[in-house]
>>> print(open('start-v9.csv').read())   # CSV, N, CA and C atoms
chain,number,residue,atom,x,y,z
A,1,ILE,N,121.1,117.1,100.3
A,1,ILE,CA,120.0,117.8,101.0
A,1,ILE,C,120.2,117.6,102.5
A,2,ASN,N,120.1,118.7,103.2
A,2,ASN,CA,120.4,118.6,104.6
A,2,ASN,C,119.3,119.4,105.4
A,3,ASN,N,118.7,118.8,106.4
A,3,ASN,CA,117.8,119.5,107.3
A,3,ASN,C,118.1,119.1,108.7
A,4,GLU,N,117.2,119.5,109.6
A,4,GLU,CA,117.5,119.2,111.0
A,4,GLU,C,117.3,117.7,111.4
A,5,TYR,N,116.6,117.0,110.5
A,5,TYR,CA,116.2,115.6,110.9
A,5,TYR,C,117.1,114.6,110.2
A,6,PHE,N,117.6,114.9,109.0
A,6,PHE,CA,118.4,113.9,108.3
A,6,PHE,C,119.2,114.6,107.2
A,7,ARG,N,120.2,113.9,106.6
A,7,ARG,CA,120.9,114.4,105.4
A,7,ARG,C,120.7,113.3,104.4
A,8,ILE,N,120.3,113.7,103.2
A,8,ILE,CA,120.1,112.8,102.1
A,8,ILE,C,121.2,113.0,101.0
A,9,SER,N,121.8,111.9,100.6
A,9,SER,CA,122.6,111.9,99.4
A,9,SER,C,121.9,111.1,98.4
A,10,ALA,N,121.9,111.5,97.1
A,10,ALA,CA,121.2,110.7,96.1
A,10,ALA,C,122.0,110.7,94.8
A,11,ARG,N,121.8,109.7,94.1
A,11,ARG,CA,122.5,109.5,92.8
A,11,ARG,C,121.4,109.0,91.8
A,12,VAL,N,121.2,109.7,90.7
A,12,VAL,CA,120.2,109.4,89.7
A,12,VAL,C,121.0,108.6,88.6
A,13,ILE,N,120.4,107.5,88.2
A,13,ILE,CA,121.0,106.7,87.2
A,13,ILE,C,120.0,106.6,86.0
A,14,ASP,N,120.4,106.9,84.8
A,14,ASP,CA,119.5,106.9,83.7
A,14,ASP,C,119.4,105.6,83.0
A,15,ASP,N,119.0,104.6,83.8
A,15,ASP,CA,118.6,103.3,83.1
A,15,ASP,C,117.1,103.2,83.2
A,16,HIS,N,116.6,102.2,82.6
A,16,HIS,CA,115.1,102.1,82.6
A,16,HIS,C,114.6,101.0,83.5
A,17,THR,N,115.3,100.7,84.6
A,17,THR,CA,114.8,99.7,85.6
A,17,THR,C,113.9,100.4,86.6
A,18,CYS,N,113.9,101.7,86.8
A,18,CYS,CA,113.1,102.4,87.7
A,18,CYS,C,113.1,101.8,89.2
A,19,THR,N,114.3,101.6,89.6
A,19,THR,CA,114.5,101.0,91.0
A,19,THR,C,114.9,102.2,91.9
A,20,VAL,N,114.5,102.0,93.2
A,20,VAL,CA,114.8,102.9,94.2
A,20,VAL,C,115.6,102.1,95.3
A,21,ARG,N,116.8,102.4,95.5
A,21,ARG,CA,117.6,101.7,96.6
A,21,ARG,C,117.8,102.7,97.7
A,22,LEU,N,117.9,102.1,98.9
A,22,LEU,CA,118.0,102.9,100.1
A,22,LEU,C,119.1,102.4,101.0
A,23,GLY,N,119.9,103.3,101.5
A,23,GLY,CA,120.9,103.0,102.5
A,23,GLY,C,120.7,104.0,103.6
A,24,TYR,N,120.9,103.6,104.9
A,24,TYR,CA,120.7,104.5,106.0
A,24,TYR,C,121.8,104.3,107.0
A,25,ALA,N,122.1,105.3,107.8
A,25,ALA,CA,123.0,105.2,108.9
A,25,ALA,C,122.3,105.9,110.1
A,26,ILE,N,122.1,105.1,111.2
A,26,ILE,CA,121.5,105.7,112.4
A,26,ILE,C,122.4,105.4,113.6
A,27,SER,N,122.9,106.5,114.1
A,27,SER,CA,123.9,106.4,115.2
A,27,SER,C,123.2,105.9,116.5
A,28,LYS,N,123.9,105.4,117.4
A,28,LYS,CA,123.4,105.0,118.7
A,28,LYS,C,123.0,106.3,119.5
A,29,LYS,N,123.5,107.4,119.1
A,29,LYS,CA,123.1,108.7,119.8
A,29,LYS,C,121.6,109.0,119.5
A,30,VAL,N,121.0,108.4,118.5
A,30,VAL,CA,119.6,108.7,118.2
A,30,VAL,C,118.7,108.1,119.2
A,31,GLY,N,119.0,106.9,119.7
A,31,GLY,CA,118.2,106.3,120.7
A,31,GLY,C,118.6,104.8,120.9
A,32,ASN,N,117.8,104.1,121.7
A,32,ASN,CA,118.2,102.7,121.9
A,32,ASN,C,117.7,101.9,120.7
A,33,ALA,N,117.9,100.6,120.8
A,33,ALA,CA,117.7,99.7,119.6
A,33,ALA,C,116.2,99.7,119.2
A,34,VAL,N,115.3,99.8,120.1
A,34,VAL,CA,113.9,99.9,119.8
A,34,VAL,C,113.6,101.1,119.0
A,35,VAL,N,114.1,102.2,119.4
A,35,VAL,CA,113.9,103.5,118.7
A,35,VAL,C,114.5,103.5,117.3
A,36,ARG,N,115.7,103.0,117.2
A,36,ARG,CA,116.4,102.9,115.9
A,36,ARG,C,115.7,102.0,114.9
A,37,ASN,N,115.2,100.8,115.4
A,37,ASN,CA,114.5,99.9,114.6
A,37,ASN,C,113.2,100.4,114.1
A,38,ARG,N,112.5,101.2,114.9
A,38,ARG,CA,111.3,101.8,114.5
A,38,ARG,C,111.5,102.8,113.4
A,39,ILE,N,112.6,103.6,113.5
A,39,ILE,CA,112.9,104.5,112.5
A,39,ILE,C,113.2,103.8,111.2
A,40,LYS,N,114.0,102.7,111.3
A,40,LYS,CA,114.3,101.9,110.1
A,40,LYS,C,113.0,101.4,109.4
A,41,ARG,N,112.1,100.9,110.2
A,41,ARG,CA,110.8,100.4,109.6
A,41,ARG,C,110.1,101.5,108.9
A,42,TYR,N,110.1,102.7,109.5
A,42,TYR,CA,109.4,103.8,108.9
A,42,TYR,C,110.1,104.1,107.6
A,43,LEU,N,111.4,104.2,107.5
A,43,LEU,CA,112.1,104.5,106.3
A,43,LEU,C,111.9,103.5,105.2
A,44,ARG,N,111.9,102.2,105.5
A,44,ARG,CA,111.7,101.2,104.5
A,44,ARG,C,110.3,101.4,103.9
A,45,GLU,N,109.3,101.6,104.8
A,45,GLU,CA,107.9,101.8,104.3
A,45,GLU,C,107.8,103.0,103.4
A,46,ILE,N,108.4,104.1,103.8
A,46,ILE,CA,108.3,105.4,103.1
A,46,ILE,C,108.9,105.2,101.7
A,47,PHE,N,110.1,104.6,101.6
A,47,PHE,CA,110.7,104.4,100.3
A,47,PHE,C,110.1,103.3,99.5
A,48,ARG,N,109.4,102.4,100.1
A,48,ARG,CA,108.7,101.4,99.3
A,48,ARG,C,107.5,102.0,98.6
A,49,LYS,N,106.9,103.0,99.1
A,49,LYS,CA,105.8,103.7,98.5
A,49,LYS,C,106.1,104.8,97.6
A,50,LEU,N,107.4,105.1,97.4
A,50,LEU,CA,107.8,106.2,96.6
A,50,LEU,C,107.4,106.0,95.1
A,51,PRO,N,106.9,107.1,94.5
A,51,PRO,CA,106.5,106.9,93.0
A,51,PRO,C,107.8,106.7,92.2
A,52,LYS,N,107.6,106.2,90.9
A,52,LYS,CA,108.7,106.1,90.0
A,52,LYS,C,108.9,107.5,89.4
A,53,TYR,N,110.2,107.8,89.1
A,53,TYR,CA,110.6,109.1,88.6
A,53,TYR,C,111.2,109.0,87.2
A,54,ASN,N,110.3,109.1,86.2
A,54,ASN,CA,110.7,109.3,84.8
A,54,ASN,C,111.7,108.3,84.3
A,55,ASN,N,111.5,107.0,84.5
A,55,ASN,CA,112.3,105.9,84.1
A,55,ASN,C,113.8,106.1,84.6
A,56,LYS,N,113.9,106.5,85.8
A,56,LYS,CA,115.3,106.7,86.4
A,56,LYS,C,115.4,105.8,87.6
A,57,SER,N,116.5,105.3,87.8
A,57,SER,CA,116.8,104.6,89.1
A,57,SER,C,117.5,105.6,90.0
A,58,ILE,N,117.2,105.5,91.3
A,58,ILE,CA,117.7,106.5,92.3
A,58,ILE,C,118.3,105.7,93.5
A,59,ASP,N,119.5,106.0,93.8
A,59,ASP,CA,120.1,105.5,95.0
A,59,ASP,C,120.1,106.6,96.1
A,60,PHE,N,119.5,106.3,97.3
A,60,PHE,CA,119.4,107.2,98.4
A,60,PHE,C,120.3,106.7,99.5
A,61,ILE,N,121.0,107.7,100.2
A,61,ILE,CA,121.7,107.4,101.4
A,61,ILE,C,121.2,108.4,102.4
A,62,LEU,N,120.7,107.9,103.6
A,62,LEU,CA,120.2,108.8,104.6
A,62,LEU,C,121.0,108.7,105.8
A,63,MET,N,121.5,109.8,106.4
A,63,MET,CA,122.1,109.9,107.7
A,63,MET,C,121.1,110.5,108.6
A,64,ILE,N,120.7,109.8,109.6
A,64,ILE,CA,119.6,110.2,110.5
A,64,ILE,C,120.2,110.9,111.6
A,65,LYS,N,119.5,112.0,112.0
A,65,LYS,CA,120.0,112.9,113.1
A,65,LYS,C,119.0,112.6,114.3
A,66,GLN,N,119.4,113.0,115.5
A,66,GLN,CA,118.7,112.7,116.7
A,66,GLN,C,117.3,113.3,116.8
A,67,PRO,N,117.1,114.5,116.3
A,67,PRO,CA,115.7,115.1,116.4
A,67,PRO,C,114.6,114.3,115.7
A,68,VAL,N,115.0,113.4,114.8
A,68,VAL,CA,114.0,112.6,114.1
A,68,VAL,C,113.1,111.8,115.1
A,69,VAL,N,113.6,111.5,116.2
A,69,VAL,CA,112.9,110.7,117.2
A,69,VAL,C,111.5,111.3,117.6
A,70,ALA,N,111.4,112.6,117.5
A,70,ALA,CA,110.2,113.4,117.9
A,70,ALA,C,109.2,113.3,116.8
A,71,LEU,N,109.5,112.9,115.6
A,71,LEU,CA,108.6,112.8,114.5
A,71,LEU,C,107.8,111.5,114.4
A,72,GLY,N,106.5,111.6,114.1
A,72,GLY,CA,105.8,110.4,113.8
A,72,GLY,C,106.0,110.0,112.4
A,73,PHE,N,105.3,108.9,112.0
A,73,PHE,CA,105.5,108.3,110.6
A,73,PHE,C,105.1,109.4,109.6
A,74,HIS,N,103.9,110.0,109.7
A,74,HIS,CA,103.4,110.9,108.6
A,74,HIS,C,104.3,112.1,108.6
A,75,ASP,N,104.8,112.6,109.7
A,75,ASP,CA,105.6,113.8,109.7
A,75,ASP,C,107.0,113.5,109.0
A,76,LEU,N,107.5,112.3,109.3
A,76,LEU,CA,108.8,111.9,108.7
A,76,LEU,C,108.6,111.7,107.2
A,77,GLU,N,107.4,111.1,106.8
A,77,GLU,CA,107.1,110.9,105.4
A,77,GLU,C,107.0,112.2,104.6
A,78,ASN,N,106.4,113.2,105.2
A,78,ASN,CA,106.3,114.5,104.6
A,78,ASN,C,107.6,115.2,104.4
A,79,GLN,N,108.5,115.1,105.5
A,79,GLN,CA,109.8,115.7,105.4
A,79,GLN,C,110.6,115.1,104.3
A,80,ILE,N,110.6,113.7,104.2
A,80,ILE,CA,111.4,113.0,103.2
A,80,ILE,C,110.8,113.4,101.8
A,81,HIS,N,109.5,113.3,101.6
A,81,HIS,CA,109.0,113.6,100.3
A,81,HIS,C,109.3,115.1,99.8
A,82,SER,N,109.2,116.0,100.7
A,82,SER,CA,109.5,117.4,100.3
A,82,SER,C,111.0,117.5,100.0
A,83,SER,N,111.9,116.9,100.7
A,83,SER,CA,113.3,116.9,100.4
A,83,SER,C,113.6,116.3,99.1
A,84,ILE,N,113.0,115.2,98.8
A,84,ILE,CA,113.2,114.5,97.5
A,84,ILE,C,112.7,115.3,96.4
A,85,ARG,N,111.5,115.9,96.5
A,85,ARG,CA,111.0,116.8,95.5
A,85,ARG,C,111.9,118.0,95.2
A,86,GLU,N,112.5,118.5,96.3
A,86,GLU,CA,113.4,119.7,96.2
A,86,GLU,C,114.7,119.2,95.4
A,87,TYR,N,115.2,118.0,95.7
A,87,TYR,CA,116.4,117.5,95.1
A,87,TYR,C,116.1,117.2,93.6
A,88,LEU,N,115.0,116.7,93.2
A,88,LEU,CA,114.7,116.3,91.8
A,88,LEU,C,114.3,117.5,91.0
A,89,SER,N,113.9,118.6,91.6
A,89,SER,CA,113.5,119.7,90.8
A,89,SER,C,114.6,120.6,90.4
>>> encode(input="start-v9.csv", output="structure tokens")
Amino acid sequence: INNEYFRISARVIDDHTCTVRLGYAISKKVGNAVVRNRIKRYLREIFRKLPKYNNKSIDFILMIKQPVVALGFHDLENQIHSSIREYLS
């Protein structure tokens, strides 16, 4: 899944542990350390609150792009949720 803010790669595993694992890459081009760490905190919180998806474990890898800096927490959350729904449907 690719949009202007990030690219998501996901792998669904049909085990019954229902875990969500997250990996992310944020380049120094995105911003200074304060900005990158804020985005990382946002991502961890968004994925912590994700619902379980039909007894499946999902591994996500996000490659963050520079325009994400302009998004607030709720806007980023909405973008990620819509992308994940698109991927899983």
>>> atom_distance(input="start-v9.csv", atom1="atom C of Glu4 of chain A", atom2="atom C of Cys18 of chain A")
27.6 Å
>>> atom_distance(input="start-v9.csv", atom1="atom C of Thr17 of chain A", atom2="atom N of Leu76 of chain A")
26.4 Å
>>> select_by_dssp(input="start-v9.csv", residues="segment 23-52 of chain A", states="strand (DSSP E or B)", output="PyMOL selection string")
chain A and resi 23-26
>>> write_last_selection(input="start-v9.csv", atoms="N, CA and C atoms", output="mmCIF file, in the frame of the given file")
data_model
loop_
_atom_site.group_PDB
_atom_site.id
_atom_site.type_symbol
_atom_site.label_atom_id
_atom_site.label_comp_id
_atom_site.auth_asym_id
_atom_site.auth_seq_id
_atom_site.Cartn_x
_atom_site.Cartn_y
_atom_site.Cartn_z
ATOM 1 N N GLY A 23 119.900 103.300 101.500
ATOM 2 C CA GLY A 23 120.900 103.000 102.500
ATOM 3 C C GLY A 23 120.700 104.000 103.600
ATOM 4 N N TYR A 24 120.900 103.600 104.900
ATOM 5 C CA TYR A 24 120.700 104.500 106.000
ATOM 6 C C TYR A 24 121.800 104.300 107.000
ATOM 7 N N ALA A 25 122.100 105.300 107.800
ATOM 8 C CA ALA A 25 123.000 105.200 108.900
ATOM 9 C C ALA A 25 122.300 105.900 110.100
ATOM 10 N N ILE A 26 122.100 105.100 111.200
ATOM 11 C CA ILE A 26 121.500 105.700 112.400
ATOM 12 C C ILE A 26 122.400 105.400 113.600
#
>>> residues_around(input="start-v9.csv", residues="Met63 of chain A", least_positions_apart="2", cutoff="7 Å", atoms="only C-alpha atoms", output="list in words")
Phe6, Arg7, Ile8, Tyr24, Ala25, Ile26, Ile61 and Lys65 of chain A
>>> atom_distance(input="start-v9.csv", atom1="atom CA of Gln66 of chain A", atom2="atom CA of Leu88 of chain A")
25.5 Å
>>> residues_around(input="start-v9.csv", residues="segment 67-74 of chain A", least_positions_apart="6", cutoff="8 Å", atoms="all atoms listed in the file", output="ChimeraX atom specification")
/A:4-6,29-31,35,39,42-43,80
>>> residues_around(input="start-v9.csv", residues="Ile84 of chain A", least_positions_apart="6", cutoff="10 Å", atoms="only C-alpha atoms", output="ChimeraX atom specification")
/A:1,8-10,50,60,78
>>> select_by_dssp(input="start-v9.csv", residues="chain A", states="alpha helix (DSSP H)", output="PyMOL selection string")
chain A and resi 33-48+73-88
>>> write_last_selection(input="start-v9.csv", atoms="N, CA and C atoms", output="compact mmCIF listing (two decimals), keeping the file's coordinate frame")
# COMPACT_ATOMS: atom_id res chain seq x y z
N ALA A 33 117.90 100.60 120.80
CA ALA A 33 117.70 99.70 119.60
C ALA A 33 116.20 99.70 119.20
N VAL A 34 115.30 99.80 120.10
CA VAL A 34 113.90 99.90 119.80
C VAL A 34 113.60 101.10 119.00
N VAL A 35 114.10 102.20 119.40
CA VAL A 35 113.90 103.50 118.70
C VAL A 35 114.50 103.50 117.30
N ARG A 36 115.70 103.00 117.20
CA ARG A 36 116.40 102.90 115.90
C ARG A 36 115.70 102.00 114.90
N ASN A 37 115.20 100.80 115.40
CA ASN A 37 114.50 99.90 114.60
C ASN A 37 113.20 100.40 114.10
N ARG A 38 112.50 101.20 114.90
CA ARG A 38 111.30 101.80 114.50
C ARG A 38 111.50 102.80 113.40
N ILE A 39 112.60 103.60 113.50
CA ILE A 39 112.90 104.50 112.50
C ILE A 39 113.20 103.80 111.20
N LYS A 40 114.00 102.70 111.30
CA LYS A 40 114.30 101.90 110.10
C LYS A 40 113.00 101.40 109.40
N ARG A 41 112.10 100.90 110.20
CA ARG A 41 110.80 100.40 109.60
C ARG A 41 110.10 101.50 108.90
N TYR A 42 110.10 102.70 109.50
CA TYR A 42 109.40 103.80 108.90
C TYR A 42 110.10 104.10 107.60
N LEU A 43 111.40 104.20 107.50
CA LEU A 43 112.10 104.50 106.30
C LEU A 43 111.90 103.50 105.20
N ARG A 44 111.90 102.20 105.50
CA ARG A 44 111.70 101.20 104.50
C ARG A 44 110.30 101.40 103.90
N GLU A 45 109.30 101.60 104.80
CA GLU A 45 107.90 101.80 104.30
C GLU A 45 107.80 103.00 103.40
N ILE A 46 108.40 104.10 103.80
CA ILE A 46 108.30 105.40 103.10
C ILE A 46 108.90 105.20 101.70
N PHE A 47 110.10 104.60 101.60
CA PHE A 47 110.70 104.40 100.30
C PHE A 47 110.10 103.30 99.50
N ARG A 48 109.40 102.40 100.10
CA ARG A 48 108.70 101.40 99.30
C ARG A 48 107.50 102.00 98.60
N PHE A 73 105.30 108.90 112.00
CA PHE A 73 105.50 108.30 110.60
C PHE A 73 105.10 109.40 109.60
N HIS A 74 103.90 110.00 109.70
CA HIS A 74 103.40 110.90 108.60
C HIS A 74 104.30 112.10 108.60
N ASP A 75 104.80 112.60 109.70
CA ASP A 75 105.60 113.80 109.70
C ASP A 75 107.00 113.50 109.00
N LEU A 76 107.50 112.30 109.30
CA LEU A 76 108.80 111.90 108.70
C LEU A 76 108.60 111.70 107.20
N GLU A 77 107.40 111.10 106.80
CA GLU A 77 107.10 110.90 105.40
C GLU A 77 107.00 112.20 104.60
N ASN A 78 106.40 113.20 105.20
CA ASN A 78 106.30 114.50 104.60
C ASN A 78 107.60 115.20 104.40
N GLN A 79 108.50 115.10 105.50
CA GLN A 79 109.80 115.70 105.40
C GLN A 79 110.60 115.10 104.30
N ILE A 80 110.60 113.70 104.20
CA ILE A 80 111.40 113.00 103.20
C ILE A 80 110.80 113.40 101.80
N HIS A 81 109.50 113.30 101.60
CA HIS A 81 109.00 113.60 100.30
C HIS A 81 109.30 115.10 99.80
N SER A 82 109.20 116.00 100.70
CA SER A 82 109.50 117.40 100.30
C SER A 82 111.00 117.50 100.00
N SER A 83 111.90 116.90 100.70
CA SER A 83 113.30 116.90 100.40
C SER A 83 113.60 116.30 99.10
N ILE A 84 113.00 115.20 98.80
CA ILE A 84 113.20 114.50 97.50
C ILE A 84 112.70 115.30 96.40
N ARG A 85 111.50 115.90 96.50
CA ARG A 85 111.00 116.80 95.50
C ARG A 85 111.90 118.00 95.20
N GLU A 86 112.50 118.50 96.30
CA GLU A 86 113.40 119.70 96.20
C GLU A 86 114.70 119.20 95.40
N TYR A 87 115.20 118.00 95.70
CA TYR A 87 116.40 117.50 95.10
C TYR A 87 116.10 117.20 93.60
N LEU A 88 115.00 116.70 93.20
CA LEU A 88 114.70 116.30 91.80
C LEU A 88 114.30 117.50 91.00
>>> residues_around(input="start-v9.csv", residues="Val12 of chain A", least_positions_apart="5", cutoff="6 Å", atoms="all atoms listed in the file", output="PDB file with N, CA and C atoms, in the coordinates of the input")
ATOM      1  N   SER A  57     116.500 105.300  87.800  1.00  0.00           N
ATOM      2  CA  SER A  57     116.800 104.600  89.100  1.00  0.00           C
ATOM      3  C   SER A  57     117.500 105.600  90.000  1.00  0.00           C
ATOM      4  N   ILE A  58     117.200 105.500  91.300  1.00  0.00           N
ATOM      5  CA  ILE A  58     117.700 106.500  92.300  1.00  0.00           C
ATOM      6  C   ILE A  58     118.300 105.700  93.500  1.00  0.00           C
ATOM      7  N   ASP A  59     119.500 106.000  93.800  1.00  0.00           N
ATOM      8  CA  ASP A  59     120.100 105.500  95.000  1.00  0.00           C
ATOM      9  C   ASP A  59     120.100 106.600  96.100  1.00  0.00           C
TER      10      ASP A  59
END
>>> build_atoms(input="start-v9.csv", residues="segment 30-48 of chain A", atoms="N, CA, C and O atoms", output="compact mmCIF listing (two decimals), keeping the file's coordinate frame")
# COMPACT_ATOMS: atom_id res chain seq x y z
N VAL A 30 121.00 108.40 118.50
CA VAL A 30 119.60 108.70 118.20
C VAL A 30 118.70 108.10 119.20
O VAL A 30 117.70 108.68 119.59
N GLY A 31 119.00 106.90 119.70
CA GLY A 31 118.20 106.30 120.70
C GLY A 31 118.60 104.80 120.90
O GLY A 31 119.58 104.36 120.30
N ASN A 32 117.80 104.10 121.70
CA ASN A 32 118.20 102.70 121.90
C ASN A 32 117.70 101.90 120.70
O ASN A 32 117.22 102.42 119.74
N ALA A 33 117.90 100.60 120.80
CA ALA A 33 117.70 99.70 119.60
C ALA A 33 116.20 99.70 119.20
O ALA A 33 115.94 99.71 117.99
N VAL A 34 115.30 99.80 120.10
CA VAL A 34 113.90 99.90 119.80
C VAL A 34 113.60 101.10 119.00
O VAL A 34 112.89 101.02 117.95
N VAL A 35 114.10 102.20 119.40
CA VAL A 35 113.90 103.50 118.70
C VAL A 35 114.50 103.50 117.30
O VAL A 35 113.85 103.82 116.27
N ARG A 36 115.70 103.00 117.20
CA ARG A 36 116.40 102.90 115.90
C ARG A 36 115.70 102.00 114.90
O ARG A 36 115.54 102.28 113.74
N ASN A 37 115.20 100.80 115.40
CA ASN A 37 114.50 99.90 114.60
C ASN A 37 113.20 100.40 114.10
O ASN A 37 112.79 100.18 112.96
N ARG A 38 112.50 101.20 114.90
CA ARG A 38 111.30 101.80 114.50
C ARG A 38 111.50 102.80 113.40
O ARG A 38 110.78 102.79 112.39
N ILE A 39 112.60 103.60 113.50
CA ILE A 39 112.90 104.50 112.50
C ILE A 39 113.20 103.80 111.20
O ILE A 39 112.82 104.20 110.07
N LYS A 40 114.00 102.70 111.30
CA LYS A 40 114.30 101.90 110.10
C LYS A 40 113.00 101.40 109.40
O LYS A 40 112.93 101.36 108.18
N ARG A 41 112.10 100.90 110.20
CA ARG A 41 110.80 100.40 109.60
C ARG A 41 110.10 101.50 108.90
O ARG A 41 109.55 101.30 107.82
N TYR A 42 110.10 102.70 109.50
CA TYR A 42 109.40 103.80 108.90
C TYR A 42 110.10 104.10 107.60
O TYR A 42 109.40 104.36 106.55
N LEU A 43 111.40 104.20 107.50
CA LEU A 43 112.10 104.50 106.30
C LEU A 43 111.90 103.50 105.20
O LEU A 43 111.64 103.88 104.05
N ARG A 44 111.90 102.20 105.50
CA ARG A 44 111.70 101.20 104.50
C ARG A 44 110.30 101.40 103.90
O ARG A 44 110.07 101.24 102.71
N GLU A 45 109.30 101.60 104.80
CA GLU A 45 107.90 101.80 104.30
C GLU A 45 107.80 103.00 103.40
O GLU A 45 107.10 103.03 102.38
N ILE A 46 108.40 104.10 103.80
CA ILE A 46 108.30 105.40 103.10
C ILE A 46 108.90 105.20 101.70
O ILE A 46 108.31 105.60 100.68
N PHE A 47 110.10 104.60 101.60
CA PHE A 47 110.70 104.40 100.30
C PHE A 47 110.10 103.30 99.50
O PHE A 47 110.17 103.35 98.27
N ARG A 48 109.40 102.40 100.10
CA ARG A 48 108.70 101.40 99.30
C ARG A 48 107.50 102.00 98.60
O ARG A 48 107.24 101.59 97.44
